[in-house]
Amino acid sequence: MQRVRLPVDLLEPGLKIVKLDRPWTEVPVLFQGFTLTDDSQAQILRQYCEWVLVEDTEERLNPILDCISALKKRTTEPQAEARSLAEEIPRAHQAWNRTQQFVQQITAEINGGNYPDLQAARPIICECVESIKNNASAMFWMSRIKSRDAYTAEHCLRVAVFSVAFARFLGVPDEDLETVGMCGLLHDLGKLKVSDAILNKPGALTPDEFRAMREHTTLGYELLRADRTLDPIISDVTRHHHERIDGQGYPQQLTEWQISRFARLISIVDAFDAITSDRCYRDGLSTPEAISILFRNRGQQFDASMVEAFIRMIGVYPPGSLVELNTGEVAIVVATHPGRKLKPRVEVLLDANKNPVRPRIVDLASTVTEDQSLPEIISPLPDGAYGVSLRGRLHELMATSSENAS
């Protein structure tokens with residue numbers, strides 16, 4: 001019999017769990033040291049832990065250990081796409097709108113003093129998961145259309161989408177992606193119990209207002225814990241997504257090993273979206289600025305390895321960004337390359353003279369021009385530059401899809 005440290009995403013029934021990467025008391029399992037008999041036990045370990053120590057025969061373990069390098073490689077290579085961006089945009093648009101309507105519905109119900117049916121979110125999140133599995137960039141494009149006045153609702157939706165994509169990028173099994181999406185969608189539910197005057201205050205909060213705002217984690221936890229049909233990890237994430245690796249977070253000042261894996265994941269996505277979104281009291285920062293903030297705070301506020309993986313997924317120029325190439329052409333980023341953050345795949349829409357051209361896809365990581373030079377991005381552009389906007393391109397793709405369907 002051998003004992004090896006194994007990433008939780010590679011767990012299989014039959015393996016004996018000898019040790020966790022945190023105290024047994026911090027994970028909701030019944031026994032200390034047990035043999036996995038079904039995937040529900042492995043699912044709990046995937047939600048809370050990064051790795052576990054397992055025991056089994058060399059013959060059984062070797063094929064699993066061979067998968068570790070492939071799991072690590074996932075975060076350095078582009079994700080497989082089952083459908084092109086143009087093919088997936090209509091489905092992503094539908095899933096996005098349905099999820100947005102659901103968030104608006106539960107907001108109205110909670111504000112009206114009623115308790116919403118949160119289980120109704122599952123089929124909606126499943127739509128988002130399927131779209132992301134087909135082509136994550138389609139949902140990323142949708143997420144870049146933002147409204148300052150609808151920040152809280154759209155924030156929850158964007159966190160759900162990016163969390164599912166990030167979990168998949170890390171290698172989390174497909175059967176867990178729905179739960180990750182639920183964690184992202186409901187993580188800020190407690191803010192619906194906080195005064196709008198505090199949430200939307202244009203100036204700095206007073207100490208009392210800041211304390212009231214921070215209560216949203218506990219308020220959300222209490223709301224979700226009351227629903228026994230929900231997976232407990234969802235309320236755990238709602239309560240702990242503002243905890244910090246250095247123990248300086250809230251509401252419980254947890255130390256590193258007390259913060260669940262899913263809470264660490266959501267905290268990074270939550271911060272990224274908050275930093276890059278326009279708020280009533282400030283404009284959002286650019287993606288490079290947000291990435292810099294996340295990177296500086298890795299190992300203190302955020303899980304260091306997760307931050308580095310998230311940056312590889314997002315890239316310096318996220319899908320939906322408008323950019324200018326050294327050829328003078330203008331393009332929209334279609335997909336990132338995790339191993340080459342400055343070399344995404346783009347769709348060229350304007351020629352060097354800034355005139356519209358038939359859209360064409362260019363992979364900056366592998367394309368060579370006729371004069372043997374390498375096309376590259378020289379600068380990001382604000383949405384709407386030279387008459388090109390993401391919203392406009394989305395409408396064109398939707399219209400083309402409708403014409404083809406008819």
# chains A, B, ... in the order shown; residues from 1 in each chain; ligands from 1
>>> closest_atom_pairs(of="region 341-386 of chain A", to="region 62-83 of chain A", cutoff="12 Å", atoms="only C-alpha atoms", output="JSON lines")
{"residue": "A:Lys341", "atom": "CA", "partner": "A:Thr76", "partner_atom": "CA", "distance": 10.0}
{"residue": "A:Lys343", "atom": "CA", "partner": "A:Pro78", "partner_atom": "CA", "distance": 11.5}
{"residue": "A:Pro344", "atom": "CA", "partner": "A:Pro78", "partner_atom": "CA", "distance": 9.7}
{"residue": "A:Arg345", "atom": "CA", "partner": "A:Pro78", "partner_atom": "CA", "distance": 10.1}
{"residue": "A:Asp363", "atom": "CA", "partner": "A:Pro78", "partner_atom": "CA", "distance": 11.6}
{"residue": "A:Ala365", "atom": "CA", "partner": "A:Pro78", "partner_atom": "CA", "distance": 11.1}
>>> write_last_selection(atoms="C-alpha atoms", output="compact mmCIF listing (two decimals), in the first residue's frame")
# COMPACT_ATOMS: atom_id res chain seq x y z
CA LYS A 341 -1.39 36.42 -22.06
CA LYS A 343 -1.37 36.90 -27.59
CA PRO A 344 -5.13 36.25 -27.60
CA ARG A 345 -7.29 35.19 -30.53
CA ASP A 363 -4.69 33.89 -33.59
CA ALA A 365 -0.12 33.31 -30.78
>>> closest_atom_pairs(of="region 218-319 of chain A", to="region 109-126 of chain A", cutoff="9 Å", atoms="only C-alpha atoms", output="CSV")
residue,atom,partner,partner_atom,distance
A:Leu223,CA,A:Tyr115,CA,8.5
A:Leu224,CA,A:Leu118,CA,8.7
A:Asp227,CA,A:Leu118,CA,8.3
A:Thr229,CA,A:Gln119,CA,7.5
A:Leu230,CA,A:Gln119,CA,7.3
>>> closest_atom_pairs(of="region 152-200 of chain A", to="region 312-336 of chain A", cutoff="10 Å", atoms="only C-alpha atoms", output="tab-separated table")
residue	atom	partner	partner_atom	distance
A:Phe162	CA	A:Ile314	CA	9.4
A:Ala165	CA	A:Met313	CA	8.7
A:Phe166	CA	A:Met313	CA	7.2
A:Phe169	CA	A:Met313	CA	7.2
A:Leu170	CA	A:Met313	CA	9.3
>>> residues_around(residues="Ile311 (chain A)", least_positions_apart="6", cutoff="9 Å", atoms="only C-alpha atoms", output="ChimeraX atom specification")
/A:291,294-295,338,341
>>> write_last_selection(atoms="N, CA and C atoms", output="PDB file, in the first residue's frame")
ATOM      1  N   ILE A 291      -5.892  43.154 -12.366  1.00  0.00           N
ATOM      2  CA  ILE A 291      -4.959  42.026 -12.269  1.00  0.00           C
ATOM      3  C   ILE A 291      -3.786  42.390 -11.354  1.00  0.00           C
ATOM      4  N   LEU A 294      -4.965  42.170  -7.726  1.00  0.00           N
ATOM      5  CA  LEU A 294      -5.084  40.778  -7.297  1.00  0.00           C
ATOM      6  C   LEU A 294      -3.704  40.168  -7.053  1.00  0.00           C
ATOM      7  N   PHE A 295      -2.784  40.438  -7.976  1.00  0.00           N
ATOM      8  CA  PHE A 295      -1.437  39.850  -7.873  1.00  0.00           C
ATOM      9  C   PHE A 295      -0.711  40.357  -6.632  1.00  0.00           C
ATOM     10  N   PRO A 338      -3.944  31.119 -22.195  1.00  0.00           N
ATOM     11  CA  PRO A 338      -3.405  31.173 -20.833  1.00  0.00           C
ATOM     12  C   PRO A 338      -1.886  31.202 -20.759  1.00  0.00           C
ATOM     13  N   LYS A 341      -0.355  35.465 -22.450  1.00  0.00           N
ATOM     14  CA  LYS A 341      -1.394  36.421 -22.059  1.00  0.00           C
ATOM     15  C   LYS A 341      -1.510  37.627 -22.995  1.00  0.00           C
TER      16      LYS A 341
END
>>> closest_residue(among="A:Ala138, A:Ile234, A:Leu342, A:Ile361", to="Tyr48 (chain A)", atoms="only C-alpha atoms")
A:Ile234
>>> closest_residue(among="A:Ile106, A:Leu189, A:Val4, A:Ile145", to="Ser235 (chain A)", atoms="only C-alpha atoms")
A:Leu189
>>> select_by_dssp(residues="region 255-376 of chain A", states="helix (DSSP H, G or I)", output="PDB file with C-alpha atoms, in the first residue's frame")
ATOM      1  CA  GLU A 256      -6.041  30.179   5.775  1.00  0.00           C
ATOM      2  CA  TRP A 257      -6.913  26.537   6.436  1.00  0.00           C
ATOM      3  CA  GLN A 258     -10.415  27.437   7.660  1.00  0.00           C
ATOM      4  CA  ARG A 261     -11.770  26.039  -1.548  1.00  0.00           C
ATOM      5  CA  PHE A 262     -14.974  27.339  -3.141  1.00  0.00           C
ATOM      6  CA  ALA A 263     -14.991  30.431  -0.888  1.00  0.00           C
ATOM      7  CA  ARG A 264     -11.408  31.195  -1.989  1.00  0.00           C
ATOM      8  CA  LEU A 265     -12.422  30.827  -5.623  1.00  0.00           C
ATOM      9  CA  ILE A 266     -15.487  33.077  -5.333  1.00  0.00           C
ATOM     10  CA  SER A 267     -13.564  35.740  -3.386  1.00  0.00           C
ATOM     11  CA  ILE A 268     -11.162  36.262  -6.292  1.00  0.00           C
ATOM     12  CA  VAL A 269     -13.926  36.522  -8.899  1.00  0.00           C
ATOM     13  CA  ASP A 270     -15.992  38.773  -6.617  1.00  0.00           C
ATOM     14  CA  ALA A 271     -13.065  41.158  -6.131  1.00  0.00           C
ATOM     15  CA  PHE A 272     -12.160  41.213  -9.824  1.00  0.00           C
ATOM     16  CA  ASP A 273     -15.674  42.140 -10.891  1.00  0.00           C
ATOM     17  CA  ALA A 274     -16.037  44.755  -8.140  1.00  0.00           C
ATOM     18  CA  ILE A 275     -12.741  46.386  -9.138  1.00  0.00           C
ATOM     19  CA  THR A 276     -13.565  46.514 -12.871  1.00  0.00           C
ATOM     20  CA  THR A 287      -8.416  44.737 -16.401  1.00  0.00           C
ATOM     21  CA  PRO A 288      -4.606  45.231 -16.166  1.00  0.00           C
ATOM     22  CA  GLU A 289      -5.105  47.422 -13.076  1.00  0.00           C
ATOM     23  CA  ALA A 290      -7.414  44.823 -11.501  1.00  0.00           C
ATOM     24  CA  ILE A 291      -4.959  42.026 -12.269  1.00  0.00           C
ATOM     25  CA  SER A 292      -2.187  44.054 -10.643  1.00  0.00           C
ATOM     26  CA  ILE A 293      -4.258  44.487  -7.471  1.00  0.00           C
ATOM     27  CA  LEU A 294      -5.084  40.778  -7.297  1.00  0.00           C
ATOM     28  CA  PHE A 295      -1.437  39.850  -7.873  1.00  0.00           C
ATOM     29  CA  ARG A 296      -0.160  42.228  -5.177  1.00  0.00           C
ATOM     30  CA  ALA A 304      -1.821  32.736  -4.324  1.00  0.00           C
ATOM     31  CA  SER A 305      -2.040  29.771  -6.716  1.00  0.00           C
ATOM     32  CA  MET A 306      -5.667  30.556  -7.540  1.00  0.00           C
ATOM     33  CA  VAL A 307      -4.869  34.195  -8.305  1.00  0.00           C
ATOM     34  CA  GLU A 308      -2.122  33.165 -10.694  1.00  0.00           C
ATOM     35  CA  ALA A 309      -4.452  30.702 -12.438  1.00  0.00           C
ATOM     36  CA  PHE A 310      -7.229  33.315 -12.657  1.00  0.00           C
ATOM     37  CA  ILE A 311      -4.861  35.791 -14.304  1.00  0.00           C
ATOM     38  CA  ARG A 312      -3.912  33.155 -16.865  1.00  0.00           C
ATOM     39  CA  MET A 313      -7.591  32.545 -17.619  1.00  0.00           C
ATOM     40  CA  ILE A 314      -8.574  36.216 -17.909  1.00  0.00           C
TER      41      ILE A 314
END
>>> residues_around(residues="Leu61 (chain A)", least_positions_apart="3", cutoff="12 Å", atoms="only C-alpha atoms", output="list in words")
Met1, Gln2, Arg3, Val4, Arg5, Leu6, Leu10, Leu11, Glu12, Gly14, Leu15, Lys16, Leu53, Val54, Glu55, Asp56, Thr57, Glu58, Ile64, Leu65, Asp66, Cys67 and Ile68 of chain A
>>> closest_atom_pairs(of="region 222-323 of chain A", to="region 193-214 of chain A", cutoff="12 Å", atoms="only C-alpha atoms", output="CSV")
residue,atom,partner,partner_atom,distance
A:Glu222,CA,A:Lys193,CA,11.1
A:Leu223,CA,A:Lys193,CA,9.9
A:Thr238,CA,A:Arg214,CA,11.9
A:Arg239,CA,A:Arg214,CA,10.4
A:His240,CA,A:Arg214,CA,11.2
A:His241,CA,A:Arg214,CA,11.3
A:His242,CA,A:Arg214,CA,8.9
A:Glu243,CA,A:Arg214,CA,11.2
A:Gly249,CA,A:Arg214,CA,10.3
A:Tyr250,CA,A:Arg214,CA,7.5
A:Pro251,CA,A:Arg214,CA,7.4
A:Gln252,CA,A:Arg214,CA,11.2
A:Asp278,CA,A:Asn200,CA,11.8
A:Arg279,CA,A:Asn200,CA,8.1
A:Cys280,CA,A:Pro202,CA,5.5
A:Tyr281,CA,A:Pro202,CA,4.1
A:Arg282,CA,A:Pro202,CA,7.9
A:Asp283,CA,A:Pro202,CA,11.4
>>> write_last_selection(atoms="N, CA and C atoms", output="compact mmCIF listing (two decimals), in the first residue's frame")
# COMPACT_ATOMS: atom_id res chain seq x y z
N GLU A 222 -27.54 33.43 6.85
CA GLU A 222 -28.76 33.05 7.58
C GLU A 222 -29.92 32.77 6.62
N LEU A 223 -30.01 33.56 5.55
CA LEU A 223 -31.06 33.33 4.55
C LEU A 223 -30.89 31.95 3.89
N THR A 238 -21.23 32.15 0.96
CA THR A 238 -21.89 33.44 1.22
C THR A 238 -21.34 34.08 2.50
N ARG A 239 -21.08 33.26 3.49
CA ARG A 239 -20.57 33.76 4.76
C ARG A 239 -19.10 34.13 4.71
N HIS A 240 -18.32 33.42 3.91
CA HIS A 240 -16.87 33.53 4.02
C HIS A 240 -16.16 34.12 2.80
N HIS A 241 -16.88 34.66 1.82
CA HIS A 241 -16.18 35.14 0.62
C HIS A 241 -15.40 36.43 0.86
N HIS A 242 -15.53 37.03 2.05
CA HIS A 242 -14.70 38.18 2.39
C HIS A 242 -13.66 37.85 3.47
N GLU A 243 -13.48 36.56 3.75
CA GLU A 243 -12.38 36.17 4.62
C GLU A 243 -11.07 36.28 3.83
N GLY A 249 -9.80 39.06 7.39
CA GLY A 249 -11.08 39.28 6.72
C GLY A 249 -12.25 39.32 7.69
N TYR A 250 -13.45 39.20 7.14
CA TYR A 250 -14.65 39.19 7.97
C TYR A 250 -15.66 38.20 7.38
N PRO A 251 -16.60 37.70 8.20
CA PRO A 251 -16.97 38.17 9.54
C PRO A 251 -16.27 37.46 10.70
N GLN A 252 -15.51 36.38 10.42
CA GLN A 252 -14.97 35.56 11.51
C GLN A 252 -13.46 35.59 11.62
N ASP A 278 -18.15 49.87 -12.84
CA ASP A 278 -18.50 51.22 -12.43
C ASP A 278 -19.44 51.15 -11.24
N ARG A 279 -19.18 51.99 -10.26
CA ARG A 279 -20.05 52.06 -9.08
C ARG A 279 -20.57 53.49 -8.95
N CYS A 280 -21.51 53.69 -8.05
CA CYS A 280 -22.09 55.02 -7.87
C CYS A 280 -21.04 56.01 -7.37
N TYR A 281 -19.99 55.50 -6.73
CA TYR A 281 -18.99 56.40 -6.13
C TYR A 281 -17.66 56.43 -6.88
N ARG A 282 -17.50 55.58 -7.94
CA ARG A 282 -16.25 55.62 -8.71
C ARG A 282 -16.43 54.82 -9.99
N ASP A 283 -15.56 55.11 -10.96
CA ASP A 283 -15.53 54.33 -12.20
C ASP A 283 -14.69 53.08 -12.00
>>> atom_distance(atom1="CA of Asn355 (chain A)", atom2="CA of Arg340 (chain A)")
28.8 Å
>>> residues_around(residues="Glu26 (chain A)", least_positions_apart="3", cutoff="12 Å", atoms="only C-alpha atoms", output="PyMOL selection string")
chain A and resi 20-23+29-30+32+44-45+47-49+236+254-261
>>> atom_distance(atom1="CA of Trp51 (chain A)", atom2="CA of Gln248 (chain A)")
24.1 Å
>>> atom_distance(atom1="CA of Leu157 (chain A)", atom2="CA of Val388 (chain A)")
25.3 Å
>>> select_by_dssp(residues="region 40-251 of chain A", states="strand (DSSP E)", output="PyMOL selection string")
chain A and resi 51-56
>>> decode(residues="region 188-258 of chain A", atoms="C-alpha atoms", output="CSV table (one decimal), in the first residue's frame")
chain,number,residue,atom,x,y,z
A,188,ASP,CA,-24.1,38.5,-2.2
A,189,LEU,CA,-27.8,37.7,-1.3
A,190,GLY,CA,-27.4,39.3,2.1
A,191,LYS,CA,-26.9,42.7,0.4
A,192,LEU,CA,-30.6,42.7,-0.3
A,193,LYS,CA,-31.0,43.1,3.5
A,194,VAL,CA,-28.7,46.1,3.7
A,195,SER,CA,-30.0,49.7,3.2
A,196,ASP,CA,-29.8,51.0,-0.3
A,197,ALA,CA,-28.6,54.3,1.2
A,198,ILE,CA,-25.5,52.5,2.4
A,199,LEU,CA,-25.0,50.3,-0.7
A,200,ASN,CA,-25.3,53.2,-3.0
A,201,LYS,CA,-23.7,56.0,-1.0
A,202,PRO,CA,-21.5,58.1,-3.3
A,203,GLY,CA,-19.1,59.0,-0.5
A,204,ALA,CA,-17.1,57.2,2.1
A,205,LEU,CA,-19.0,55.1,4.6
A,206,THR,CA,-19.0,56.0,8.3
A,207,PRO,CA,-17.7,53.4,10.8
A,208,ASP,CA,-21.3,52.4,11.6
A,209,GLU,CA,-22.3,52.2,7.9
A,210,PHE,CA,-19.3,50.1,7.2
A,211,ARG,CA,-20.2,47.7,9.9
A,212,ALA,CA,-23.7,47.5,8.6
A,213,MET,CA,-22.4,46.8,5.1
A,214,ARG,CA,-20.2,44.0,6.3
A,215,GLU,CA,-23.2,42.4,7.9
A,216,HIS,CA,-24.3,41.2,4.4
A,217,THR,CA,-22.2,38.1,4.7
A,218,THR,CA,-24.0,37.0,7.9
A,219,LEU,CA,-27.4,38.0,6.6
A,220,GLY,CA,-26.9,36.0,3.4
A,221,TYR,CA,-25.7,33.0,5.4
A,222,GLU,CA,-28.8,33.1,7.6
A,223,LEU,CA,-31.1,33.3,4.6
A,224,LEU,CA,-29.4,30.4,2.8
A,225,ARG,CA,-28.9,28.2,5.8
A,226,ALA,CA,-32.7,28.3,6.4
A,227,ASP,CA,-33.2,26.5,3.0
A,228,ARG,CA,-32.4,22.9,3.7
A,229,THR,CA,-32.6,21.9,0.1
A,230,LEU,CA,-29.4,23.9,-0.8
A,231,ASP,CA,-25.9,22.4,-0.6
A,232,PRO,CA,-24.3,23.7,2.6
A,233,ILE,CA,-21.3,24.9,0.7
A,234,ILE,CA,-23.4,27.7,-0.8
A,235,SER,CA,-24.2,29.2,2.5
A,236,ASP,CA,-20.5,28.7,3.5
A,237,VAL,CA,-19.3,30.7,0.5
A,238,THR,CA,-21.9,33.4,1.2
A,239,ARG,CA,-20.6,33.8,4.8
A,240,HIS,CA,-16.9,33.5,4.0
A,241,HIS,CA,-16.2,35.1,0.6
A,242,HIS,CA,-14.7,38.2,2.4
A,243,GLU,CA,-12.4,36.2,4.6
A,244,ARG,CA,-8.7,36.6,3.9
A,245,ILE,CA,-5.7,34.2,3.8
A,246,ASP,CA,-3.9,36.3,6.3
A,247,GLY,CA,-6.8,36.1,8.8
A,248,GLN,CA,-7.8,39.8,8.5
A,249,GLY,CA,-11.1,39.3,6.7
A,250,TYR,CA,-14.7,39.2,8.0
A,251,PRO,CA,-17.0,38.2,9.5
A,252,GLN,CA,-15.0,35.6,11.5
A,253,GLN,CA,-11.3,36.4,10.8
A,254,LEU,CA,-10.7,32.8,9.6
A,255,THR,CA,-7.2,31.6,9.1
A,256,GLU,CA,-6.0,30.2,5.8
A,257,TRP,CA,-6.9,26.5,6.4
A,258,GLN,CA,-10.4,27.4,7.7
